[in-house]
Amino acid sequence: MHPAISISGVSKTYASGFSALKHIDLDIRHGEIFALLGPNGAGKTTLISIVCGIVNRSSGTVSVNGNDIDRDYRMARSLIGLVPQELTVESFETVRSALTFSRGLFGKPANPALIEKILKDLSLWDKRDAKIITLSGGMKRRVMIGKALAHEPEILFLDEPSAGVDVELRQDMWAMVRRLRESGVTIILTTHYIEEAEEMADRVGVINRGEIVLVENKEELMRKLGRKQLRLELRQPLDAVPQALAGYGLELSADGGLLTYTYDNQSERPGVASLLRDLATEGIAFRDLDTLNSSLEEIFVNLVRKAS
Ligand SMILES: Nc1ncnc2c1ncn2[C@@H]1O[C@H](COP(=O)(O)OP(=O)(O)OP(=O)(O)O)[C@@H](O)[C@H]1O
């Protein structure tokens with residue numbers, strides 16, 4: 001089976017001479033939610049604009065479910081729905097006619113029942129006859145999503161779906177994107193909100209300065225690169241970490257009451273069980289303990305910093 005999207009050796013140099021993408025290789029699998037994560041200006045919009053045929057690439061090939069975006073442009077494009085970053089809806093059109101029109105652009109026969117279903121799924125049915133100009137920002141964004149879905153694409157691109165969307169609406173949108181995935185749609189979202197990738201993605205691709213720094217299953221990424229901390233609140237403050245525990249690289253708080261042990265899966269440091277045993281041997285008792293996992297945010301910041 002072909003990947004949903006296959007990007008191979010894609011580069012982009014803008015007319016200004018700026019090299020926005022440098023030899024990108026990336027496959028998107030059917031049915032996944034893939035988050036393309038990167039800071040502002042990393043090249044996310046450029047990459048999806050190339051896949052959607054809006055921006056010409058300088059080199060490389062792209063295919064959508066096996067259809068080359070040059071040779072089989074119409075087929076490739078009809079498999080994709082794009083929700084751009086900026087709201088580009090006709091203000092005086094009604095919600096329902098905007099969706100109906102979008103479907104028509106792809107040469108698909110009218111399907112009022114489908115448009116009704118999409119509007120209901122997006123909680124826009126009540127607004128079906130409202131002019132778009134009268135809607136709130138969050139509703140306009142949902143209209144954009146509806147327009148992108150009206151021709152029944154297999155793959156949906158969401159470019160910065162949370163930009164300018166308040167926290168509550170963001171949750172609604174995430175729930176909606178998950179429902180879409182459950183219905184079999186492959187979803188690629190670009191974001192610089194780590195929270196969004198952490199919340200939604202099956203896989204994460206990190207892009208920085210036009211290069212893919214890493215592509216990884218999200219859980220795996222957090223397991224491999226995430227660090228963990230064990231914090232122990234001591235019964236009796238210590239003046240210093242005993243020599244016998246030097247191998248753990250423990251940190252002692254200024255007041256001597258809190259010991260922190262940082263470890264990761266690649267570390268050579270011994271495990272938690274042996275630390276607890278050694279603490280007991282040293283006669284160090286603790287009142288409480290907790291663990292902290294580093295977030296995708298810390299991992300991301302480290303990756304981007306390293307690559308800079
Ligand atoms: N038409 C253009 N001509 C020259 N440079 C451009 C053009 N469009 C984009 N760029 C540059 O290419 C780089 C990548 O832009 P792009 O919009 O793809 O980034 P992005 O990752 O989507 O960032 P953002 O999250 O800010 O949208 C930026 O430095 C941008 O200034």
# chains A, B, ... in the order shown; residues from 1 in each chain; ligands from 1
>>> residues_near_ligand(ligand="ligand 1", cutoff="12 Å", atoms="only C-alpha atoms and all ligand atoms", output="PDB file with N, CA and C atoms, in the first residue's frame")
ATOM      1  N   SER A  11      13.074  20.190  -1.806  1.00  0.00           N
ATOM      2  CA  SER A  11      13.724  21.434  -1.387  1.00  0.00           C
ATOM      3  C   SER A  11      12.942  22.601  -1.951  1.00  0.00           C
ATOM      4  N   LYS A  12      13.071  23.736  -1.283  1.00  0.00           N
ATOM      5  CA  LYS A  12      12.435  24.955  -1.798  1.00  0.00           C
ATOM      6  C   LYS A  12      13.343  26.150  -1.555  1.00  0.00           C
ATOM      7  N   THR A  13      13.691  26.807  -2.629  1.00  0.00           N
ATOM      8  CA  THR A  13      14.397  28.080  -2.516  1.00  0.00           C
ATOM      9  C   THR A  13      13.461  29.137  -3.090  1.00  0.00           C
ATOM     10  N   TYR A  14      13.098  30.116  -2.275  1.00  0.00           N
ATOM     11  CA  TYR A  14      12.216  31.184  -2.767  1.00  0.00           C
ATOM     12  C   TYR A  14      12.992  32.092  -3.713  1.00  0.00           C
ATOM     13  N   ALA A  15      12.240  32.864  -4.500  1.00  0.00           N
ATOM     14  CA  ALA A  15      12.861  33.762  -5.492  1.00  0.00           C
ATOM     15  C   ALA A  15      13.872  34.695  -4.828  1.00  0.00           C
ATOM     16  N   SER A  16      13.625  34.993  -3.552  1.00  0.00           N
ATOM     17  CA  SER A  16      14.547  35.875  -2.819  1.00  0.00           C
ATOM     18  C   SER A  16      15.911  35.205  -2.611  1.00  0.00           C
ATOM     19  N   GLY A  17      15.988  33.906  -2.910  1.00  0.00           N
ATOM     20  CA  GLY A  17      17.235  33.163  -2.671  1.00  0.00           C
ATOM     21  C   GLY A  17      17.202  32.438  -1.329  1.00  0.00           C
ATOM     22  N   PHE A  18      16.122  32.659  -0.555  1.00  0.00           N
ATOM     23  CA  PHE A  18      16.034  32.032   0.768  1.00  0.00           C
ATOM     24  C   PHE A  18      15.686  30.554   0.637  1.00  0.00           C
ATOM     25  N   SER A  19      16.488  29.739   1.305  1.00  0.00           N
ATOM     26  CA  SER A  19      16.271  28.300   1.238  1.00  0.00           C
ATOM     27  C   SER A  19      15.350  27.875   2.384  1.00  0.00           C
ATOM     28  N   ALA A  20      14.067  27.683   2.066  1.00  0.00           N
ATOM     29  CA  ALA A  20      13.072  27.429   3.118  1.00  0.00           C
ATOM     30  C   ALA A  20      12.961  25.951   3.473  1.00  0.00           C
ATOM     31  N   LEU A  21      13.269  25.055   2.518  1.00  0.00           N
ATOM     32  CA  LEU A  21      13.241  23.610   2.798  1.00  0.00           C
ATOM     33  C   LEU A  21      14.478  22.973   2.192  1.00  0.00           C
ATOM     34  N   LYS A  22      15.077  22.078   2.960  1.00  0.00           N
ATOM     35  CA  LYS A  22      16.317  21.450   2.503  1.00  0.00           C
ATOM     36  C   LYS A  22      16.170  19.933   2.498  1.00  0.00           C
ATOM     37  N   LEU A  36       3.364  18.140  12.609  1.00  0.00           N
ATOM     38  CA  LEU A  36       4.609  18.730  12.134  1.00  0.00           C
ATOM     39  C   LEU A  36       4.863  19.934  13.035  1.00  0.00           C
ATOM     40  N   LEU A  37       5.880  19.766  13.846  1.00  0.00           N
ATOM     41  CA  LEU A  37       6.097  20.711  14.933  1.00  0.00           C
ATOM     42  C   LEU A  37       7.349  21.520  14.650  1.00  0.00           C
ATOM     43  N   GLY A  38       7.256  22.816  14.743  1.00  0.00           N
ATOM     44  CA  GLY A  38       8.456  23.619  14.517  1.00  0.00           C
ATOM     45  C   GLY A  38       8.211  25.062  14.876  1.00  0.00           C
ATOM     46  N   PRO A  39       9.277  25.777  15.173  1.00  0.00           N
ATOM     47  CA  PRO A  39       9.115  27.190  15.528  1.00  0.00           C
ATOM     48  C   PRO A  39       8.657  28.020  14.330  1.00  0.00           C
ATOM     49  N   ASN A  40       8.315  29.267  14.546  1.00  0.00           N
ATOM     50  CA  ASN A  40       7.903  30.160  13.452  1.00  0.00           C
ATOM     51  C   ASN A  40       8.987  30.205  12.393  1.00  0.00           C
ATOM     52  N   GLY A  41       8.539  30.127  11.144  1.00  0.00           N
ATOM     53  CA  GLY A  41       9.495  30.268  10.049  1.00  0.00           C
ATOM     54  C   GLY A  41      10.274  29.004   9.730  1.00  0.00           C
ATOM     55  N   ALA A  42       9.918  27.873  10.367  1.00  0.00           N
ATOM     56  CA  ALA A  42      10.678  26.632  10.167  1.00  0.00           C
ATOM     57  C   ALA A  42      10.470  26.039   8.776  1.00  0.00           C
ATOM     58  N   GLY A  43       9.337  26.358   8.151  1.00  0.00           N
ATOM     59  CA  GLY A  43       9.056  25.813   6.814  1.00  0.00           C
ATOM     60  C   GLY A  43       7.807  24.953   6.745  1.00  0.00           C
ATOM     61  N   LYS A  44       7.008  24.964   7.805  1.00  0.00           N
ATOM     62  CA  LYS A  44       5.825  24.102   7.867  1.00  0.00           C
ATOM     63  C   LYS A  44       4.815  24.451   6.773  1.00  0.00           C
ATOM     64  N   THR A  45       4.477  25.743   6.695  1.00  0.00           N
ATOM     65  CA  THR A  45       3.480  26.153   5.706  1.00  0.00           C
ATOM     66  C   THR A  45       4.001  25.927   4.293  1.00  0.00           C
ATOM     67  N   THR A  46       5.282  26.183   4.101  1.00  0.00           N
ATOM     68  CA  THR A  46       5.872  25.961   2.776  1.00  0.00           C
ATOM     69  C   THR A  46       5.716  24.494   2.388  1.00  0.00           C
ATOM     70  N   LEU A  47       5.987  23.594   3.321  1.00  0.00           N
ATOM     71  CA  LEU A  47       5.921  22.166   3.004  1.00  0.00           C
ATOM     72  C   LEU A  47       4.499  21.745   2.657  1.00  0.00           C
ATOM     73  N   ILE A  48       3.528  22.160   3.460  1.00  0.00           N
ATOM     74  CA  ILE A  48       2.175  21.697   3.120  1.00  0.00           C
ATOM     75  C   ILE A  48       1.648  22.405   1.880  1.00  0.00           C
ATOM     76  N   SER A  49       2.104  23.625   1.645  1.00  0.00           N
ATOM     77  CA  SER A  49       1.678  24.319   0.425  1.00  0.00           C
ATOM     78  C   SER A  49       2.216  23.604  -0.811  1.00  0.00           C
ATOM     79  N   ILE A  50       3.392  23.026  -0.697  1.00  0.00           N
ATOM     80  CA  ILE A  50       3.947  22.262  -1.820  1.00  0.00           C
ATOM     81  C   ILE A  50       3.095  21.006  -2.050  1.00  0.00           C
ATOM     82  N   ILE A  54       0.141  24.506  -4.019  1.00  0.00           N
ATOM     83  CA  ILE A  54      -0.016  25.968  -3.981  1.00  0.00           C
ATOM     84  C   ILE A  54       1.332  26.648  -4.212  1.00  0.00           C
ATOM     85  N   VAL A  55       2.384  25.995  -3.760  1.00  0.00           N
ATOM     86  CA  VAL A  55       3.745  26.524  -3.935  1.00  0.00           C
ATOM     87  C   VAL A  55       4.525  25.497  -4.750  1.00  0.00           C
ATOM     88  N   ASN A  56       5.312  25.971  -5.709  1.00  0.00           N
ATOM     89  CA  ASN A  56       6.138  25.043  -6.493  1.00  0.00           C
ATOM     90  C   ASN A  56       7.416  24.718  -5.743  1.00  0.00           C
ATOM     91  N   ARG A  57       7.783  23.457  -5.773  1.00  0.00           N
ATOM     92  CA  ARG A  57       9.033  23.080  -5.121  1.00  0.00           C
ATOM     93  C   ARG A  57      10.190  23.321  -6.082  1.00  0.00           C
ATOM     94  N   PRO A  84      -6.343  26.251   5.664  1.00  0.00           N
ATOM     95  CA  PRO A  84      -5.178  27.136   5.771  1.00  0.00           C
ATOM     96  C   PRO A  84      -5.155  27.899   7.088  1.00  0.00           C
ATOM     97  N   GLN A  85      -4.016  28.518   7.320  1.00  0.00           N
ATOM     98  CA  GLN A  85      -3.828  29.233   8.578  1.00  0.00           C
ATOM     99  C   GLN A  85      -4.748  30.457   8.651  1.00  0.00           C
ATOM    100  N   GLU A  86      -4.818  31.150   7.539  1.00  0.00           N
ATOM    101  CA  GLU A  86      -5.645  32.359   7.537  1.00  0.00           C
ATOM    102  C   GLU A  86      -7.077  32.032   7.130  1.00  0.00           C
ATOM    103  N   LEU A 158      -4.232  20.547   8.448  1.00  0.00           N
ATOM    104  CA  LEU A 158      -4.662  21.656   9.297  1.00  0.00           C
ATOM    105  C   LEU A 158      -3.418  22.493   9.597  1.00  0.00           C
ATOM    106  N   ASP A 159      -3.380  23.690   9.041  1.00  0.00           N
ATOM    107  CA  ASP A 159      -2.199  24.531   9.256  1.00  0.00           C
ATOM    108  C   ASP A 159      -2.452  25.422  10.466  1.00  0.00           C
ATOM    109  N   GLU A 160      -1.737  25.146  11.527  1.00  0.00           N
ATOM    110  CA  GLU A 160      -1.885  25.906  12.784  1.00  0.00           C
ATOM    111  C   GLU A 160      -3.352  26.009  13.210  1.00  0.00           C
ATOM    112  N   PRO A 161      -4.008  24.880  13.450  1.00  0.00           N
ATOM    113  CA  PRO A 161      -5.443  24.930  13.751  1.00  0.00           C
ATOM    114  C   PRO A 161      -5.787  25.716  15.011  1.00  0.00           C
ATOM    115  N   SER A 162      -4.835  25.848  15.914  1.00  0.00           N
ATOM    116  CA  SER A 162      -5.172  26.519  17.178  1.00  0.00           C
ATOM    117  C   SER A 162      -4.797  27.985  17.204  1.00  0.00           C
ATOM    118  N   ALA A 163      -4.167  28.468  16.133  1.00  0.00           N
ATOM    119  CA  ALA A 163      -3.758  29.878  16.150  1.00  0.00           C
ATOM    120  C   ALA A 163      -4.985  30.755  16.336  1.00  0.00           C
ATOM    121  N   LEU A 189      -1.220  17.950  10.946  1.00  0.00           N
ATOM    122  CA  LEU A 189      -1.388  19.303  11.447  1.00  0.00           C
ATOM    123  C   LEU A 189      -0.039  19.935  11.697  1.00  0.00           C
ATOM    124  N   THR A 190       0.051  21.207  11.416  1.00  0.00           N
ATOM    125  CA  THR A 190       1.273  21.916  11.756  1.00  0.00           C
ATOM    126  C   THR A 190       0.964  22.710  13.006  1.00  0.00           C
ATOM    127  N   THR A 191       1.953  22.826  13.833  1.00  0.00           N
ATOM    128  CA  THR A 191       1.706  23.559  15.064  1.00  0.00           C
ATOM    129  C   THR A 191       3.021  24.024  15.665  1.00  0.00           C
ATOM    130  N   HIS A 192       2.958  25.140  16.358  1.00  0.00           N
ATOM    131  CA  HIS A 192       4.103  25.413  17.222  1.00  0.00           C
ATOM    132  C   HIS A 192       3.675  25.350  18.678  1.00  0.00           C
ATOM    133  N   TYR A 193       2.431  24.871  18.892  1.00  0.00           N
ATOM    134  CA  TYR A 193       2.016  24.588  20.259  1.00  0.00           C
ATOM    135  C   TYR A 193       2.345  23.136  20.567  1.00  0.00           C
ATOM    136  N   VAL A 206       9.663  16.857  13.809  1.00  0.00           N
ATOM    137  CA  VAL A 206      10.147  18.179  14.230  1.00  0.00           C
ATOM    138  C   VAL A 206      10.900  18.796  13.070  1.00  0.00           C
ATOM    139  N   ILE A 207      10.493  20.002  12.696  1.00  0.00           N
ATOM    140  CA  ILE A 207      11.144  20.702  11.590  1.00  0.00           C
ATOM    141  C   ILE A 207      11.749  21.990  12.130  1.00  0.00           C
ATOM    142  N   ASN A 208      12.965  22.254  11.709  1.00  0.00           N
ATOM    143  CA  ASN A 208      13.654  23.465  12.150  1.00  0.00           C
ATOM    144  C   ASN A 208      14.523  23.965  11.021  1.00  0.00           C
ATOM    145  N   ARG A 209      14.409  25.230  10.711  1.00  0.00           N
ATOM    146  CA  ARG A 209      15.192  25.848   9.639  1.00  0.00           C
ATOM    147  C   ARG A 209      15.194  25.024   8.357  1.00  0.00           C
ATOM    148  N   GLY A 210      14.009  24.565   7.978  1.00  0.00           N
ATOM    149  CA  GLY A 210      13.874  23.870   6.704  1.00  0.00           C
ATOM    150  C   GLY A 210      14.358  22.443   6.688  1.00  0.00           C
ATOM    151  N   GLU A 211      14.690  21.900   7.853  1.00  0.00           N
ATOM    152  CA  GLU A 211      15.136  20.507   7.888  1.00  0.00           C
ATOM    153  C   GLU A 211      14.310  19.710   8.887  1.00  0.00           C
ATOM    154  N   ILE A 212      14.041  18.448   8.518  1.00  0.00           N
ATOM    155  CA  ILE A 212      13.365  17.566   9.467  1.00  0.00           C
ATOM    156  C   ILE A 212      14.431  17.055  10.439  1.00  0.00           C
TER     157      ILE A 212
END
>>> residues_around(residues="Gly53 of chain A", least_positions_apart="5", cutoff="12 Å", atoms="only C-alpha atoms", output="PyMOL selection string")
chain A and resi 45-48+61-64+68-78+80-82
>>> residues_around(residues="segment 140-154 of chain A", least_positions_apart="4", cutoff="8 Å", atoms="only C-alpha atoms", output="PyMOL selection string")
chain A and resi 78-84+87-89+95+98-100+102-104+106+108+114-115+118-119+122+124+132+135-136+184-186
>>> closest_residue(among="A:Ala175, A:Leu180, A:Leu214, A:Ile7", to="Glu199 of chain A", atoms="only C-alpha atoms")
A:Ala175
>>> residues_around(residues="Val241 of chain A", least_positions_apart="2", cutoff="10 Å", atoms="only C-alpha atoms", output="compact mmCIF listing (two decimals) with N, CA and C atoms, in the first residue's frame")
# COMPACT_ATOMS: atom_id res chain seq x y z
N LEU A 238 19.82 17.13 55.14
CA LEU A 238 21.22 16.70 55.04
C LEU A 238 22.10 17.93 54.84
N ASP A 239 23.34 17.86 55.29
CA ASP A 239 24.30 18.94 55.01
C ASP A 239 24.87 18.76 53.61
N GLN A 243 28.92 10.44 50.48
CA GLN A 243 29.87 9.94 49.48
C GLN A 243 29.38 8.64 48.84
N ALA A 244 28.75 7.79 49.63
CA ALA A 244 28.29 6.49 49.13
C ALA A 244 27.24 6.62 48.02
N LEU A 245 26.64 7.79 47.93
CA LEU A 245 25.59 7.99 46.93
C LEU A 245 26.07 8.85 45.75
N ALA A 246 27.37 9.07 45.69
CA ALA A 246 27.92 10.00 44.68
C ALA A 246 27.58 9.57 43.25
N TYR A 248 25.00 8.59 41.90
CA TYR A 248 23.65 8.91 41.41
C TYR A 248 23.51 10.33 40.86
N GLY A 249 24.50 11.15 41.12
CA GLY A 249 24.40 12.55 40.66
C GLY A 249 23.21 13.27 41.29
N LEU A 250 23.00 13.03 42.56
CA LEU A 250 21.82 13.62 43.22
C LEU A 250 22.00 15.12 43.43
N GLU A 251 20.88 15.82 43.41
CA GLU A 251 20.92 17.25 43.75
C GLU A 251 20.25 17.44 45.09
N LEU A 252 20.89 18.24 45.91
CA LEU A 252 20.32 18.52 47.23
C LEU A 252 19.87 19.97 47.25
N GLY A 256 18.58 21.54 52.27
CA GLY A 256 18.97 20.17 52.60
C GLY A 256 17.80 19.21 52.75
N LEU A 259 15.88 15.88 47.98
CA LEU A 259 16.87 15.24 47.11
C LEU A 259 16.22 14.97 45.76
>>> select_by_dssp(residues="segment 93-307 of chain A", states="strand (DSSP E or B)", output="number ranges by chain")
A: 94, 131, 155-159, 186-191, 203-208, 211-217, 227-234, 251-252, 258-264, 286-293
>>> residues_around(residues="Ile33 of chain A", least_positions_apart="3", cutoff="6 Å", atoms="only C-alpha atoms", output="PyMOL selection string")
chain A and resi 187-188+201-202
>>> select_by_dssp(residues="segment 55-273 of chain A", states="alpha helix (DSSP H)", output="number ranges by chain")
A: 73-78, 95-105, 112-121, 137-149, 167-182, 194-200, 218-225, 272-273
>>> write_last_selection(atoms="C-alpha atoms", output="PDB file, in the first residue's frame")
ATOM      1  CA  TYR A  73      -2.448  16.592 -10.062  1.00  0.00           C
ATOM      2  CA  ARG A  74      -6.243  16.490 -10.086  1.00  0.00           C
ATOM      3  CA  MET A  75      -6.417  13.084  -8.463  1.00  0.00           C
ATOM      4  CA  ALA A  76      -3.770  13.980  -5.884  1.00  0.00           C
ATOM      5  CA  ARG A  77      -5.432  17.286  -5.040  1.00  0.00           C
ATOM      6  CA  SER A  78      -8.904  15.774  -4.760  1.00  0.00           C
ATOM      7  CA  VAL A  95     -22.364  28.659   5.748  1.00  0.00           C
ATOM      8  CA  ARG A  96     -24.150  25.971   3.781  1.00  0.00           C
ATOM      9  CA  SER A  97     -23.520  27.515   0.395  1.00  0.00           C
ATOM     10  CA  ALA A  98     -19.809  27.906   1.207  1.00  0.00           C
ATOM     11  CA  LEU A  99     -19.546  24.148   1.726  1.00  0.00           C
ATOM     12  CA  THR A 100     -21.690  23.306  -1.287  1.00  0.00           C
ATOM     13  CA  PHE A 101     -19.550  25.570  -3.473  1.00  0.00           C
ATOM     14  CA  SER A 102     -16.283  24.020  -2.225  1.00  0.00           C
ATOM     15  CA  ARG A 103     -17.546  20.552  -3.081  1.00  0.00           C
ATOM     16  CA  GLY A 104     -18.489  21.741  -6.562  1.00  0.00           C
ATOM     17  CA  LEU A 105     -14.952  23.051  -7.133  1.00  0.00           C
ATOM     18  CA  PRO A 112     -27.002  17.950   0.538  1.00  0.00           C
ATOM     19  CA  ALA A 113     -27.194  15.033   2.990  1.00  0.00           C
ATOM     20  CA  LEU A 114     -23.404  14.943   3.294  1.00  0.00           C
ATOM     21  CA  ILE A 115     -23.178  18.722   3.758  1.00  0.00           C
ATOM     22  CA  GLU A 116     -25.822  18.438   6.469  1.00  0.00           C
ATOM     23  CA  LYS A 117     -23.814  15.732   8.218  1.00  0.00           C
ATOM     24  CA  ILE A 118     -20.592  17.743   8.095  1.00  0.00           C
ATOM     25  CA  LEU A 119     -22.348  20.843   9.441  1.00  0.00           C
ATOM     26  CA  LYS A 120     -23.897  18.809  12.247  1.00  0.00           C
ATOM     27  CA  ASP A 121     -20.551  17.216  13.112  1.00  0.00           C
ATOM     28  CA  GLY A 137     -13.792  33.479  14.962  1.00  0.00           C
ATOM     29  CA  GLY A 138     -14.112  29.919  16.245  1.00  0.00           C
ATOM     30  CA  MET A 139     -17.170  29.289  14.072  1.00  0.00           C
ATOM     31  CA  LYS A 140     -15.425  30.734  11.024  1.00  0.00           C
ATOM     32  CA  ARG A 141     -12.602  28.320  11.578  1.00  0.00           C
ATOM     33  CA  ARG A 142     -15.073  25.454  11.724  1.00  0.00           C
ATOM     34  CA  VAL A 143     -16.548  26.673   8.448  1.00  0.00           C
ATOM     35  CA  MET A 144     -13.035  26.457   6.988  1.00  0.00           C
ATOM     36  CA  ILE A 145     -12.795  22.877   8.196  1.00  0.00           C
ATOM     37  CA  GLY A 146     -16.217  22.120   6.733  1.00  0.00           C
ATOM     38  CA  LYS A 147     -15.168  23.571   3.398  1.00  0.00           C
ATOM     39  CA  ALA A 148     -12.043  21.423   3.415  1.00  0.00           C
ATOM     40  CA  LEU A 149     -14.122  18.311   4.115  1.00  0.00           C
ATOM     41  CA  VAL A 167      -8.446  27.276  25.077  1.00  0.00           C
ATOM     42  CA  GLU A 168     -12.006  26.016  25.330  1.00  0.00           C
ATOM     43  CA  LEU A 169     -12.529  25.936  21.580  1.00  0.00           C
ATOM     44  CA  ARG A 170      -9.184  24.263  21.172  1.00  0.00           C
ATOM     45  CA  GLN A 171     -10.420  21.310  23.225  1.00  0.00           C
ATOM     46  CA  ASP A 172     -13.538  21.098  21.045  1.00  0.00           C
ATOM     47  CA  MET A 173     -11.452  21.203  17.930  1.00  0.00           C
ATOM     48  CA  TRP A 174      -9.131  18.494  19.162  1.00  0.00           C
ATOM     49  CA  ALA A 175     -12.114  16.286  19.937  1.00  0.00           C
ATOM     50  CA  MET A 176     -13.438  16.923  16.457  1.00  0.00           C
ATOM     51  CA  VAL A 177     -10.125  16.089  14.821  1.00  0.00           C
ATOM     52  CA  ARG A 178     -10.053  12.819  16.745  1.00  0.00           C
ATOM     53  CA  ARG A 179     -13.534  11.970  15.508  1.00  0.00           C
ATOM     54  CA  LEU A 180     -12.374  12.634  11.973  1.00  0.00           C
ATOM     55  CA  ARG A 181      -9.469  10.299  12.412  1.00  0.00           C
ATOM     56  CA  GLU A 182     -11.837   7.649  13.749  1.00  0.00           C
ATOM     57  CA  ILE A 194       3.739  21.621  21.761  1.00  0.00           C
ATOM     58  CA  GLU A 195       0.685  20.968  23.853  1.00  0.00           C
ATOM     59  CA  GLU A 196      -1.250  20.315  20.681  1.00  0.00           C
ATOM     60  CA  ALA A 197       1.206  17.741  19.368  1.00  0.00           C
ATOM     61  CA  GLU A 198       1.423  16.109  22.770  1.00  0.00           C
ATOM     62  CA  GLU A 199      -2.334  15.927  23.066  1.00  0.00           C
ATOM     63  CA  MET A 200      -3.189  14.702  19.608  1.00  0.00           C
ATOM     64  CA  LYS A 218       5.080  10.295  20.044  1.00  0.00           C
ATOM     65  CA  GLU A 219       5.079   7.789  22.885  1.00  0.00           C
ATOM     66  CA  GLU A 220       8.452   6.464  21.793  1.00  0.00           C
ATOM     67  CA  LEU A 221       9.847   9.974  21.546  1.00  0.00           C
ATOM     68  CA  MET A 222       8.789  10.791  25.047  1.00  0.00           C
ATOM     69  CA  ARG A 223      10.086   7.484  26.331  1.00  0.00           C
ATOM     70  CA  LYS A 224      13.440   7.745  24.600  1.00  0.00           C
ATOM     71  CA  LEU A 225      14.198  11.379  25.038  1.00  0.00           C
ATOM     72  CA  VAL A 272      15.442   3.890  41.355  1.00  0.00           C
ATOM     73  CA  ALA A 273      15.217   0.607  43.253  1.00  0.00           C
TER      74      ALA A 273
END
>>> closest_residue(among="A:Gly247, A:Pro242, A:Pro109, A:Gly283", to="Gly271 of chain A", atoms="only C-alpha atoms")
A:Gly247
>>> residues_around(residues="segment 288-293 of chain A", least_positions_apart="6", cutoff="6 Å", atoms="only C-alpha atoms", output="JSON, numbers by chain")
{"A": [228, 229, 230, 231, 232, 233]}
>>> write_last_selection(atoms="N, CA and C atoms", output="PDB file, in the first residue's frame")
ATOM      1  N   LYS A 228      13.217  11.671  33.467  1.00  0.00           N
ATOM      2  CA  LYS A 228      12.344  11.540  34.626  1.00  0.00           C
ATOM      3  C   LYS A 228      13.078  12.048  35.850  1.00  0.00           C
ATOM      4  N   GLN A 229      12.327  12.549  36.775  1.00  0.00           N
ATOM      5  CA  GLN A 229      12.934  12.977  38.029  1.00  0.00           C
ATOM      6  C   GLN A 229      12.181  12.345  39.188  1.00  0.00           C
ATOM      7  N   LEU A 230      12.965  11.907  40.142  1.00  0.00           N
ATOM      8  CA  LEU A 230      12.393  11.395  41.381  1.00  0.00           C
ATOM      9  C   LEU A 230      12.763  12.395  42.467  1.00  0.00           C
ATOM     10  N   ARG A 231      11.762  12.879  43.172  1.00  0.00           N
ATOM     11  CA  ARG A 231      12.065  13.851  44.235  1.00  0.00           C
ATOM     12  C   ARG A 231      11.694  13.269  45.590  1.00  0.00           C
ATOM     13  N   LEU A 232      12.632  13.367  46.487  1.00  0.00           N
ATOM     14  CA  LEU A 232      12.428  12.792  47.821  1.00  0.00           C
ATOM     15  C   LEU A 232      12.465  13.887  48.869  1.00  0.00           C
ATOM     16  N   GLU A 233      11.404  13.956  49.624  1.00  0.00           N
ATOM     17  CA  GLU A 233      11.352  14.929  50.721  1.00  0.00           C
ATOM     18  C   GLU A 233      11.876  14.225  51.977  1.00  0.00           C
TER      19      GLU A 233
END
>>> atom_distance(atom1="atom CA of Gly60 of chain A", atom2="atom CA of Asn217 of chain A")
24.8 Å
